[in-house]
file model_2.pdb (PDB, C-alpha atoms and all ligand atoms)
ATOM      1  CA  MET C   1      18.013-117.724 -67.578
ATOM      2  CA  THR C   2      20.015-119.197 -64.703
ATOM      3  CA  ASN C   3      22.558-122.000 -64.652
ATOM      4  CA  GLU C   4      20.313-124.117 -62.481
ATOM      5  CA  ILE C   5      18.999-127.266 -64.189
ATOM      6  CA  ILE C   6      15.238-127.632 -63.859
ATOM      7  CA  LEU C   7      14.498-130.474 -66.285
ATOM      8  CA  GLU C   8      16.843-133.286 -67.110
ATOM      9  CA  LEU C   9      16.591-136.308 -69.358
ATOM     10  CA  LYS C  10      19.222-138.969 -68.753
ATOM     11  CA  ASN C  11      19.682-141.501 -71.535
ATOM     12  CA  ILE C  12      15.973-141.946 -72.061
ATOM     13  CA  VAL C  13      14.498-144.576 -74.323
ATOM     14  CA  LYS C  14      10.820-144.824 -75.199
ATOM     15  CA  ASN C  15       8.962-147.462 -77.113
ATOM     16  CA  TYR C  16       5.228-147.994 -77.162
ATOM     17  CA  ASP C  17       4.083-151.597 -76.596
ATOM     18  CA  GLY C  18       7.534-153.012 -77.257
ATOM     19  CA  LYS C  19       7.535-151.646 -80.822
ATOM     20  CA  LYS C  20      10.235-149.559 -82.555
ATOM     21  CA  GLN C  21      12.035-147.113 -80.326
ATOM     22  CA  VAL C  22      10.468-143.688 -80.748
ATOM     23  CA  ILE C  23      13.139-142.121 -78.544
ATOM     24  CA  ASN C  24      16.567-143.595 -78.420
ATOM     25  CA  ASN C  25      19.082-142.599 -75.788
ATOM     26  CA  ILE C  26      18.296-138.913 -75.485
ATOM     27  CA  SER C  27      19.992-136.831 -72.800
ATOM     28  CA  LEU C  28      19.101-133.196 -72.305
ATOM     29  CA  GLN C  29      19.491-130.593 -69.604
ATOM     30  CA  ILE C  30      17.154-127.597 -69.519
ATOM     31  CA  LYS C  31      18.005-124.561 -67.435
ATOM     32  CA  LYS C  32      15.616-122.557 -65.294
ATOM     33  CA  GLY C  33      14.126-119.786 -67.438
ATOM     34  CA  GLU C  34      15.300-121.346 -70.709
ATOM     35  CA  THR C  35      13.006-121.705 -73.741
ATOM     36  CA  ILE C  36      13.508-124.855 -75.778
ATOM     37  CA  ALA C  37      11.891-125.607 -79.137
ATOM     38  CA  LEU C  38      11.587-129.236 -80.231
ATOM     39  CA  VAL C  39      11.391-129.603 -83.984
ATOM     40  CA  GLY C  40      11.575-132.483 -86.424
ATOM     41  CA  LYS C  41       9.590-134.365 -89.002
ATOM     42  CA  SER C  42       6.183-135.781 -88.246
ATOM     43  CA  GLY C  43       6.438-138.845 -86.042
ATOM     44  CA  CYS C  44       9.982-138.156 -84.802
ATOM     45  CA  GLY C  45       8.816-138.194 -81.187
ATOM     46  CA  LYS C  46       8.412-134.505 -80.300
ATOM     47  CA  SER C  47       5.071-134.924 -78.520
ATOM     48  CA  THR C  48       6.306-138.080 -76.848
ATOM     49  CA  LEU C  49       9.274-136.188 -75.400
ATOM     50  CA  LEU C  50       7.000-133.361 -74.239
ATOM     51  CA  ASN C  51       4.572-135.851 -72.667
ATOM     52  CA  ILE C  52       7.445-137.439 -70.777
ATOM     53  CA  LEU C  53       8.478-134.032 -69.418
ATOM     54  CA  GLY C  54       4.857-133.340 -68.446
ATOM     55  CA  GLY C  55       4.438-136.673 -66.659
ATOM     56  CA  PHE C  56       1.846-137.970 -69.140
ATOM     57  CA  GLU C  57       4.089-140.749 -70.468
ATOM     58  CA  CYS C  58       6.703-142.767 -68.633
ATOM     59  CA  VAL C  59      10.121-143.626 -70.031
ATOM     60  CA  THR C  60      10.994-147.188 -71.042
ATOM     61  CA  LYS C  61      14.596-146.726 -69.904
ATOM     62  CA  GLY C  62      16.597-143.890 -68.406
ATOM     63  CA  GLN C  63      15.444-141.068 -66.176
ATOM     64  CA  ALA C  64      13.350-137.928 -66.576
ATOM     65  CA  LEU C  65      13.863-135.468 -63.710
ATOM     66  CA  PHE C  66      12.177-132.250 -62.610
ATOM     67  CA  ASN C  67      14.210-130.370 -60.024
ATOM     68  CA  GLY C  68      16.157-133.584 -59.465
ATOM     69  CA  GLN C  69      13.039-135.662 -58.758
ATOM     70  CA  GLU C  70      11.817-138.430 -61.045
ATOM     71  CA  ILE C  71       8.792-137.296 -63.108
ATOM     72  CA  ILE C  72       6.011-139.789 -62.467
ATOM     73  CA  LYS C  73       2.804-137.816 -63.004
ATOM     74  CA  PRO C  74       1.605-134.389 -64.150
ATOM     75  CA  THR C  75       1.899-131.621 -61.562
ATOM     76  CA  ARG C  76       0.795-128.015 -61.262
ATOM     77  CA  GLN C  77       4.451-126.990 -61.396
ATOM     78  CA  CYS C  78       4.830-128.214 -64.948
ATOM     79  CA  VAL C  79       1.750-127.401 -67.010
ATOM     80  CA  MET C  80       0.936-128.453 -70.565
ATOM     81  CA  LEU C  81      -0.958-126.246 -73.017
ATOM     82  CA  MET C  82      -2.659-128.044 -75.849
ATOM     83  CA  GLN C  83      -3.568-126.919 -79.330
ATOM     84  CA  ASN C  84      -7.315-127.308 -78.636
ATOM     85  CA  TYR C  85      -7.229-124.919 -75.614
ATOM     86  CA  GLY C  86      -9.349-127.183 -73.381
ATOM     87  CA  LEU C  87     -11.716-124.452 -72.168
ATOM     88  CA  LEU C  88     -14.978-125.298 -70.428
ATOM     89  CA  PRO C  89     -17.731-123.980 -72.751
ATOM     90  CA  TRP C  90     -20.234-123.355 -69.925
ATOM     91  CA  LYS C  91     -17.892-121.050 -67.982
ATOM     92  CA  ASN C  92     -16.985-117.499 -68.913
ATOM     93  CA  VAL C  93     -13.381-116.340 -69.356
ATOM     94  CA  ARG C  94     -12.853-115.440 -65.701
ATOM     95  CA  LYS C  95     -14.420-118.658 -64.418
ATOM     96  CA  ASN C  96     -12.320-120.692 -66.839
ATOM     97  CA  ILE C  97      -9.178-119.112 -65.424
ATOM     98  CA  GLU C  98     -10.354-119.546 -61.835
ATOM     99  CA  PHE C  99     -10.967-123.210 -62.584
ATOM    100  CA  ALA C 100      -7.208-123.651 -62.158
ATOM    101  CA  PHE C 101      -7.645-123.101 -58.416
ATOM    102  CA  GLU C 102      -9.985-126.101 -58.006
ATOM    103  CA  GLY C 103      -8.610-128.454 -55.420
ATOM    104  CA  ILE C 104      -5.891-126.161 -54.082
ATOM    105  CA  LYS C 105      -5.971-124.113 -50.944
ATOM    106  CA  LEU C 106      -5.437-120.490 -51.843
ATOM    107  CA  ALA C 107      -7.023-117.479 -50.158
ATOM    108  CA  GLN C 108      -9.910-115.962 -52.110
ATOM    109  CA  LYS C 109      -8.138-112.597 -52.255
ATOM    110  CA  GLU C 110      -4.986-114.132 -53.728
ATOM    111  CA  GLN C 111      -7.098-116.015 -56.308
ATOM    112  CA  GLN C 112      -8.809-112.798 -57.298
ATOM    113  CA  GLU C 113      -5.564-110.836 -57.533
ATOM    114  CA  ARG C 114      -3.817-113.479 -59.590
ATOM    115  CA  THR C 115      -6.792-113.785 -61.954
ATOM    116  CA  ASP C 116      -6.923-109.995 -62.403
ATOM    117  CA  TYR C 117      -3.179-109.828 -63.033
ATOM    118  CA  TYR C 118      -3.057-112.582 -65.640
ATOM    119  CA  LEU C 119      -6.269-111.425 -67.341
ATOM    120  CA  GLY C 120      -4.397-108.145 -67.820
ATOM    121  CA  LEU C 121      -1.178-109.811 -68.918
ATOM    122  CA  VAL C 122      -2.964-111.622 -71.756
ATOM    123  CA  ASN C 123      -5.084-108.542 -72.558
ATOM    124  CA  LEU C 124      -8.450-110.044 -71.696
ATOM    125  CA  THR C 125      -9.608-107.877 -68.797
ATOM    126  CA  GLU C 126     -12.457-106.492 -70.839
ATOM    127  CA  ASN C 127     -13.576-109.953 -71.894
ATOM    128  CA  GLU C 128     -13.706-111.535 -68.468
ATOM    129  CA  LYS C 129     -17.445-112.215 -68.731
ATOM    130  CA  THR C 130     -17.394-113.473 -72.315
ATOM    131  CA  MET C 131     -18.202-117.132 -72.990
ATOM    132  CA  PRO C 132     -15.600-119.202 -74.895
ATOM    133  CA  ASN C 133     -17.802-119.687 -77.975
ATOM    134  CA  ALA C 134     -17.796-115.915 -78.491
ATOM    135  CA  LEU C 135     -13.981-115.735 -78.536
ATOM    136  CA  SER C 136     -11.614-116.034 -81.480
ATOM    137  CA  GLY C 137      -9.102-118.908 -81.505
ATOM    138  CA  GLY C 138      -6.310-116.551 -80.443
ATOM    139  CA  MET C 139      -8.364-115.252 -77.517
ATOM    140  CA  GLN C 140      -9.214-118.795 -76.436
ATOM    141  CA  GLN C 141      -5.536-119.672 -76.450
ATOM    142  CA  ARG C 142      -4.829-116.576 -74.315
ATOM    143  CA  VAL C 143      -7.433-117.737 -71.789
ATOM    144  CA  ALA C 144      -5.745-121.140 -71.686
ATOM    145  CA  LEU C 145      -2.407-119.386 -71.186
ATOM    146  CA  ALA C 146      -3.763-117.265 -68.327
ATOM    147  CA  ARG C 147      -5.305-120.355 -66.727
ATOM    148  CA  ALA C 148      -1.895-122.014 -66.810
ATOM    149  CA  LEU C 149      -0.100-118.909 -65.511
ATOM    150  CA  VAL C 150      -2.325-118.353 -62.463
ATOM    151  CA  MET C 151      -0.930-121.598 -61.097
ATOM    152  CA  LYS C 152       2.502-119.940 -61.236
ATOM    153  CA  PRO C 153       4.082-123.045 -62.750
ATOM    154  CA  GLN C 154       7.844-123.340 -63.002
ATOM    155  CA  VAL C 155       7.537-124.904 -66.442
ATOM    156  CA  LEU C 156       5.124-124.410 -69.333
ATOM    157  CA  LEU C 157       4.950-127.093 -72.015
ATOM    158  CA  PHE C 158       3.344-126.291 -75.358
ATOM    159  CA  ASP C 159       2.325-128.811 -77.997
ATOM    160  CA  GLU C 160       2.053-126.793 -81.206
ATOM    161  CA  PRO C 161       0.275-124.033 -79.334
ATOM    162  CA  PHE C 162      -0.511-121.769 -82.248
ATOM    163  CA  ALA C 163      -0.742-124.209 -85.134
ATOM    164  CA  ALA C 164      -4.489-123.668 -85.619
ATOM    165  CA  LEU C 165      -4.215-119.874 -85.742
ATOM    166  CA  ASP C 166      -3.709-117.474 -88.617
ATOM    167  CA  THR C 167      -0.266-115.942 -89.156
ATOM    168  CA  PHE C 168      -0.877-112.561 -87.524
ATOM    169  CA  THR C 169      -2.624-113.991 -84.464
ATOM    170  CA  ARG C 170       0.303-116.370 -84.171
ATOM    171  CA  TYR C 171       2.785-113.474 -84.278
ATOM    172  CA  TYR C 172       0.750-111.651 -81.655
ATOM    173  CA  LEU C 173       0.715-114.660 -79.332
ATOM    174  CA  GLN C 174       4.403-115.286 -79.880
ATOM    175  CA  ASP C 175       4.986-111.740 -78.625
ATOM    176  CA  GLU C 176       2.779-112.512 -75.624
ATOM    177  CA  LEU C 177       5.029-115.461 -74.837
ATOM    178  CA  VAL C 178       8.133-113.273 -75.104
ATOM    179  CA  LYS C 179       6.490-110.845 -72.669
ATOM    180  CA  ILE C 180       5.603-113.653 -70.248
ATOM    181  CA  LYS C 181       9.105-115.070 -70.508
ATOM    182  CA  ASN C 182      10.539-111.664 -69.556
ATOM    183  CA  GLU C 183       8.104-111.007 -66.731
ATOM    184  CA  GLU C 184       7.781-114.459 -65.189
ATOM    185  CA  GLN C 185      11.055-116.185 -66.084
ATOM    186  CA  THR C 186       9.044-119.362 -66.680
ATOM    187  CA  THR C 187      10.903-122.231 -68.313
ATOM    188  CA  MET C 188       9.209-123.175 -71.579
ATOM    189  CA  VAL C 189       9.436-126.193 -73.847
ATOM    190  CA  LEU C 190       7.500-126.042 -77.064
ATOM    191  CA  VAL C 191       6.892-128.488 -79.857
ATOM    192  CA  THR C 192       6.467-126.741 -83.172
ATOM    193  CA  HIS C 193       6.474-127.393 -86.899
ATOM    194  CA  ASP C 194       7.119-123.736 -87.496
ATOM    195  CA  ILE C 195      10.846-123.046 -87.872
ATOM    196  CA  ASP C 196      10.339-119.273 -87.630
ATOM    197  CA  GLU C 197       8.404-119.696 -84.399
ATOM    198  CA  ALA C 198      11.266-121.771 -83.013
ATOM    199  CA  ILE C 199      13.864-119.130 -83.936
ATOM    200  CA  TYR C 200      11.673-116.278 -82.687
ATOM    201  CA  LEU C 201      11.068-117.806 -79.263
ATOM    202  CA  ALA C 202      13.747-120.297 -78.345
ATOM    203  CA  ASP C 203      17.097-119.997 -76.638
ATOM    204  CA  ARG C 204      17.865-123.445 -77.985
ATOM    205  CA  ILE C 205      16.370-125.459 -80.842
ATOM    206  CA  ILE C 206      16.572-129.237 -80.676
ATOM    207  CA  ILE C 207      16.053-131.179 -83.907
ATOM    208  CA  LEU C 208      14.959-134.756 -83.394
ATOM    209  CA  ASN C 209      15.783-137.416 -85.957
ATOM    210  CA  GLN C 210      12.819-139.426 -87.158
ATOM    211  CA  ASN C 211      14.822-142.489 -88.119
ATOM    212  CA  SER C 212      17.196-142.869 -85.217
ATOM    213  CA  GLY C 213      15.025-141.415 -82.430
ATOM    214  CA  GLU C 214      18.041-139.371 -81.328
ATOM    215  CA  ILE C 215      18.854-135.685 -81.176
ATOM    216  CA  GLN C 216      20.107-134.814 -84.642
ATOM    217  CA  LYS C 217      21.298-131.295 -83.966
ATOM    218  CA  GLU C 218      21.110-128.517 -81.435
ATOM    219  CA  PHE C 219      21.180-124.800 -82.201
ATOM    220  CA  GLN C 220      21.848-122.181 -79.578
ATOM    221  CA  VAL C 221      19.970-119.102 -80.814
ATOM    222  CA  LYS C 222      22.234-116.211 -79.975
ATOM    223  CA  LEU C 223      19.925-113.382 -81.016
ATOM    224  CA  SER C 224      18.903-110.564 -78.731
ATOM    225  CA  ILE C 225      15.231-110.191 -77.765
ATOM    226  CA  PRO C 226      12.945-108.920 -79.293
ATOM    227  CA  ARG C 227      13.982-110.689 -82.468
ATOM    228  CA  GLU C 228      13.576-109.275 -85.912
ATOM    229  CA  ARG C 229      12.079-111.856 -88.286
ATOM    230  CA  ALA C 230      13.407-110.092 -91.376
ATOM    231  CA  SER C 231      16.962-109.627 -90.099
ATOM    232  CA  ALA C 232      19.965-111.270 -91.719
ATOM    233  CA  ASP C 233      20.829-113.026 -88.452
ATOM    234  CA  PHE C 234      17.353-114.549 -88.307
ATOM    235  CA  GLN C 235      17.787-115.768 -91.910
ATOM    236  CA  TYR C 236      21.095-117.324 -90.948
ATOM    237  CA  TYR C 237      19.341-119.628 -88.467
ATOM    238  CA  ARG C 238      16.519-120.381 -90.926
ATOM    239  CA  GLU C 239      19.018-121.465 -93.542
ATOM    240  CA  ALA C 240      21.024-123.555 -91.103
ATOM    241  CA  ILE C 241      17.895-125.359 -89.887
ATOM    242  CA  PHE C 242      16.459-125.920 -93.363
ATOM    243  CA  LYS C 243      19.811-127.328 -94.410
ATOM    244  CA  GLU C 244      19.532-129.826 -91.585
ATOM    245  CA  PHE C 245      16.236-131.077 -92.983
ATOM    246  CA  GLN C 246      17.464-131.179 -96.563
ATOM    247  CA  PHE C 247      20.485-133.078 -95.434
ATOM    248  CA  THR C 248      18.307-135.869 -94.042
ATOM    249  CA  GLN C 249      16.161-135.835 -97.183
ATOM    250  CA  GLU C 250      19.212-136.568 -99.278
ATOM    251  CA  GLN C 251      19.719-139.717 -97.248
ATOM    252  CA  GLN C 252      16.275-141.028 -98.175
ATOM    253  CA  THR C 253      15.447-143.089-101.233
ATOM    254  CA  ILE C 254      13.591-141.063-103.838
ATOM    255  CA  GLU C 255      10.391-142.939-104.547
ATOM    256  CA  PHE C 256       8.921-140.796-107.308
ATOM    257  CA  ASN C 257      10.393-138.778-110.134
ATOM    258  CA  ILE C 258       7.666-136.655-111.639
TER     259      ILE C 258
HETATM  260  N1  LIG I 301       0.164-143.718 -77.300
HETATM  261  C1  LIG I 301       0.828-144.226 -78.323
HETATM  262  N2  LIG I 301       0.799-145.541 -78.584
HETATM  263  C2  LIG I 301       1.493-146.082 -79.603
HETATM  264  N3  LIG I 301       2.280-145.375 -80.435
HETATM  265  C3  LIG I 301       2.351-144.053 -80.248
HETATM  266  C4  LIG I 301       1.637-143.411 -79.182
HETATM  267  N4  LIG I 301       1.936-142.064 -79.228
HETATM  268  C5  LIG I 301       2.761-141.908 -80.256
HETATM  269  N5  LIG I 301       3.018-143.083 -80.878
HETATM  270  C6  LIG I 301       3.923-143.286 -82.035
HETATM  271  O1  LIG I 301       5.181-142.753 -81.690
HETATM  272  C7  LIG I 301       5.760-142.067 -82.796
HETATM  273  C8  LIG I 301       6.092-140.640 -82.400
HETATM  274  O2  LIG I 301       4.883-139.948 -82.147
HETATM  275  P1  LIG I 301       4.850-138.445 -81.639
HETATM  276  O3  LIG I 301       3.426-138.029 -81.579
HETATM  277  O4  LIG I 301       5.665-138.317 -80.432
HETATM  278  O5  LIG I 301       5.594-137.712 -82.848
HETATM  279  P2  LIG I 301       5.600-136.172 -83.267
HETATM  280  O6  LIG I 301       6.988-135.875 -83.702
HETATM  281  O7  LIG I 301       5.022-135.343 -82.196
HETATM  282  O8  LIG I 301       4.626-136.186 -84.514
HETATM  283  P3  LIG I 301       3.728-135.034 -85.157
HETATM  284  O9  LIG I 301       4.682-133.941 -85.560
HETATM  285  O10 LIG I 301       3.094-135.692 -86.350
HETATM  286  O11 LIG I 301       2.737-134.603 -84.127
HETATM  287  C9  LIG I 301       4.773-142.188 -83.949
HETATM  288  O12 LIG I 301       5.179-143.255 -84.752
HETATM  289  C10 LIG I 301       3.470-142.504 -83.257
HETATM  290  O13 LIG I 301       2.652-143.273 -84.077
END
call {"tool": "encode", "arguments": {"input": "model_2.pdb", "output": "structure tokens"}}
result
Amino acid sequence: MTNEIILELKNIVKNYDGKKQVINNISLQIKKGETIALVGKSGCGKSTLLNILGGFECVTKGQALFNGQEIIKPTRQCVMLMQNYGLLPWKNVRKNIEFAFEGIKLAQKEQQERTDYYLGLVNLTENEKTMPNALSGGMQQRVALARALVMKPQVLLFDEPFAALDTFTRYYLQDELVKIKNEEQTTMVLVTHDIDEAIYLADRIIILNQNSGEIQKEFQVKLSIPRERASADFQYYREAIFKEFQFTQEQQTIEFNI
């Protein structure tokens, strides 16, 4: 991670159709190479914040900047990976990855080399001719990851990337992300409901508050990489984050006593 700021939110406010503010005066600076996890209860605005960073939503007030420039539309420098992978079912793995080169001028040789490299990085070299419907969910997500990486983006945005996968596939893909982070120094912002995933991957965890639309708390995760899920230090962060959620629960009115 460097000290250079790559993404910056300056006092942003977001409301849809003039309704309640989903995001209320959030400011955030993200450094080049940093991994940020956005967590919070359902509806607190995590995806909205990610969509603003990706250029899919505009802010109502304030500024969202990428390398100092206002974010106005999605670009190949800041790529979003969705939960549903978005693969083209009629193209094999290799062709799905190469699809990323559509519309850009890049020498054939460079396209081939990049595709080979990232197929290897996500461990899919042997499956390059396989069609998406013959791949497991985890493999499909790895294809989507490789397709994003061949563009050599500066930022990867993930909206609950592994939520649909079983626990062990999720662990495996989390390790893939750690590997990519080490090898590519890509800045990553991920929305997740999984506290362990946040602690395992992030340099910083941002908890958004559902009621106020503000940042409720920030945790700097000062654990060395690779992280040990069963370690006492890991548990320390789990407890601290769970406490944060319980704390807000105590503020709510209890509707049922069973
Ligand atoms: N395009 C939209 N138009 C109107 N309202 C929207 C739109 N997108 C999101 N919202 C509303 O904004 C609020 C925040 O939604 P958002 O999807 O950002 O939350 P989230 O924290 O990602 O939720 P979840 O964890 O359930 O995915 C919700 O109340 C949602 O209904």
call {"tool": "atom_distance", "arguments": {"input": "model_2.pdb", "atom1": "atom CA of Asn133 of chain C", "atom2": "atom CA of Pro89 of chain C"}}
result
6.8 Å
call {"tool": "resolve_selection", "arguments": {"input": "model_2.pdb", "expression": "the PyMOL selection byres (((not hetatm)) within 8 of (chain I and resi 301))", "output": "list in words"}}
result
Asn15, Tyr16, Asp17, Val22, Val39, Gly40, Lys41, Ser42, Gly43, Cys44, Gly45, Lys46, Ser47, Thr48, Leu49, Val191, Thr192, His193 and Gln210 of chain C
call {"tool": "axis_aligned_box", "arguments": {"input": "model_2.pdb", "around": "segment 59-64 of chain C", "padding_each_side": "3 Å", "output": "JSON"}}
result
{"center_x": 13.4, "center_y": -142.6, "center_z": -68.6, "size_x": 12.5, "size_y": 15.3, "size_z": 10.9}
call {"tool": "closest_residue", "arguments": {"input": "model_2.pdb", "among": "C:Arg114, C:Arg204, C:Arg238, C:Arg170", "to": "Ile30 of chain C", "atoms": "all atoms listed in the file"}}
result
C:Arg204
call {"tool": "resolve_selection", "arguments": {"input": "model_2.pdb", "expression": "the PyMOL selection byres (((chain C and resi 172-180) around 9) and not hetatm)", "output": "PyMOL selection string"}}
result
chain C and resi 121-122+138+141-142+162+167-171+181-186+197+200-201+225-226
call {"tool": "resolve_selection", "arguments": {"input": "model_2.pdb", "expression": "the PyMOL selection byres (((chain C and resi 156) around 6) and not hetatm)", "output": "PyMOL selection string"}}
result
chain C and resi 78-80+155+157+188
call {"tool": "residues_around", "arguments": {"input": "model_2.pdb", "residues": "Lys222 of chain C", "least_positions_apart": "5", "cutoff": "10 Å", "atoms": "all atoms listed in the file", "output": "number ranges by chain"}}
result
C: 199, 202-204, 233-234, 237
call {"tool": "residues_around", "arguments": {"input": "model_2.pdb", "residues": "Lys31 of chain C", "least_positions_apart": "2", "cutoff": "10 Å", "atoms": "all atoms listed in the file", "output": "MDAnalysis selection string"}}
result
chainID C and resid 1:8 28:29 33:36 187:188
call {"tool": "atom_distance", "arguments": {"input": "model_2.pdb", "atom1": "atom CA of Ile23 of chain C", "atom2": "atom CA of Gln77 of chain C"}}
result
24.5 Å
call {"tool": "decode", "arguments": {"input": "model_2.pdb", "residues": "segment 137-149 of chain C", "atoms": "N, CA and C atoms", "output": "PDB file, in the first residue's frame"}}
result
ATOM      1  N   GLY C 137     -19.690 -22.743  -9.388  1.00  0.00           N
ATOM      2  CA  GLY C 137     -19.846 -21.315  -9.076  1.00  0.00           C
ATOM      3  C   GLY C 137     -18.508 -20.650  -8.806  1.00  0.00           C
ATOM      4  N   GLY C 138     -17.648 -21.348  -8.044  1.00  0.00           N
ATOM      5  CA  GLY C 138     -16.338 -20.791  -7.699  1.00  0.00           C
ATOM      6  C   GLY C 138     -15.481 -20.584  -8.939  1.00  0.00           C
ATOM      7  N   MET C 139     -15.568 -21.543  -9.873  1.00  0.00           N
ATOM      8  CA  MET C 139     -14.781 -21.416 -11.112  1.00  0.00           C
ATOM      9  C   MET C 139     -15.320 -20.253 -11.947  1.00  0.00           C
ATOM     10  N   GLN C 140     -16.639 -20.123 -11.989  1.00  0.00           N
ATOM     11  CA  GLN C 140     -17.223 -19.014 -12.756  1.00  0.00           C
ATOM     12  C   GLN C 140     -16.761 -17.666 -12.192  1.00  0.00           C
ATOM     13  N   GLN C 141     -16.705 -17.606 -10.849  1.00  0.00           N
ATOM     14  CA  GLN C 141     -16.271 -16.346 -10.253  1.00  0.00           C
ATOM     15  C   GLN C 141     -14.802 -16.084 -10.579  1.00  0.00           C
ATOM     16  N   ARG C 142     -13.999 -17.158 -10.682  1.00  0.00           N
ATOM     17  CA  ARG C 142     -12.580 -16.983 -11.034  1.00  0.00           C
ATOM     18  C   ARG C 142     -12.420 -16.503 -12.474  1.00  0.00           C
ATOM     19  N   VAL C 143     -13.327 -16.969 -13.358  1.00  0.00           N
ATOM     20  CA  VAL C 143     -13.288 -16.472 -14.741  1.00  0.00           C
ATOM     21  C   VAL C 143     -13.599 -14.966 -14.731  1.00  0.00           C
ATOM     22  N   ALA C 144     -14.634 -14.605 -13.973  1.00  0.00           N
ATOM     23  CA  ALA C 144     -15.017 -13.192 -13.909  1.00  0.00           C
ATOM     24  C   ALA C 144     -13.856 -12.355 -13.366  1.00  0.00           C
ATOM     25  N   LEU C 145     -13.145 -12.922 -12.397  1.00  0.00           N
ATOM     26  CA  LEU C 145     -12.003 -12.226 -11.798  1.00  0.00           C
ATOM     27  C   LEU C 145     -10.891 -12.044 -12.835  1.00  0.00           C
ATOM     28  N   ALA C 146     -10.603 -13.116 -13.580  1.00  0.00           N
ATOM     29  CA  ALA C 146      -9.566 -13.036 -14.612  1.00  0.00           C
ATOM     30  C   ALA C 146      -9.964 -12.027 -15.690  1.00  0.00           C
ATOM     31  N   ARG C 147     -11.250 -12.015 -16.043  1.00  0.00           N
ATOM     32  CA  ARG C 147     -11.711 -11.079 -17.073  1.00  0.00           C
ATOM     33  C   ARG C 147     -11.533  -9.628 -16.601  1.00  0.00           C
ATOM     34  N   ALA C 148     -11.717  -9.423 -15.299  1.00  0.00           N
ATOM     35  CA  ALA C 148     -11.490  -8.074 -14.768  1.00  0.00           C
ATOM     36  C   ALA C 148      -9.989  -7.761 -14.751  1.00  0.00           C
ATOM     37  N   LEU C 149      -9.182  -8.752 -14.367  1.00  0.00           N
ATOM     38  CA  LEU C 149      -7.743  -8.502 -14.195  1.00  0.00           C
ATOM     39  C   LEU C 149      -7.009  -8.260 -15.511  1.00  0.00           C
TER      40      LEU C 149
END
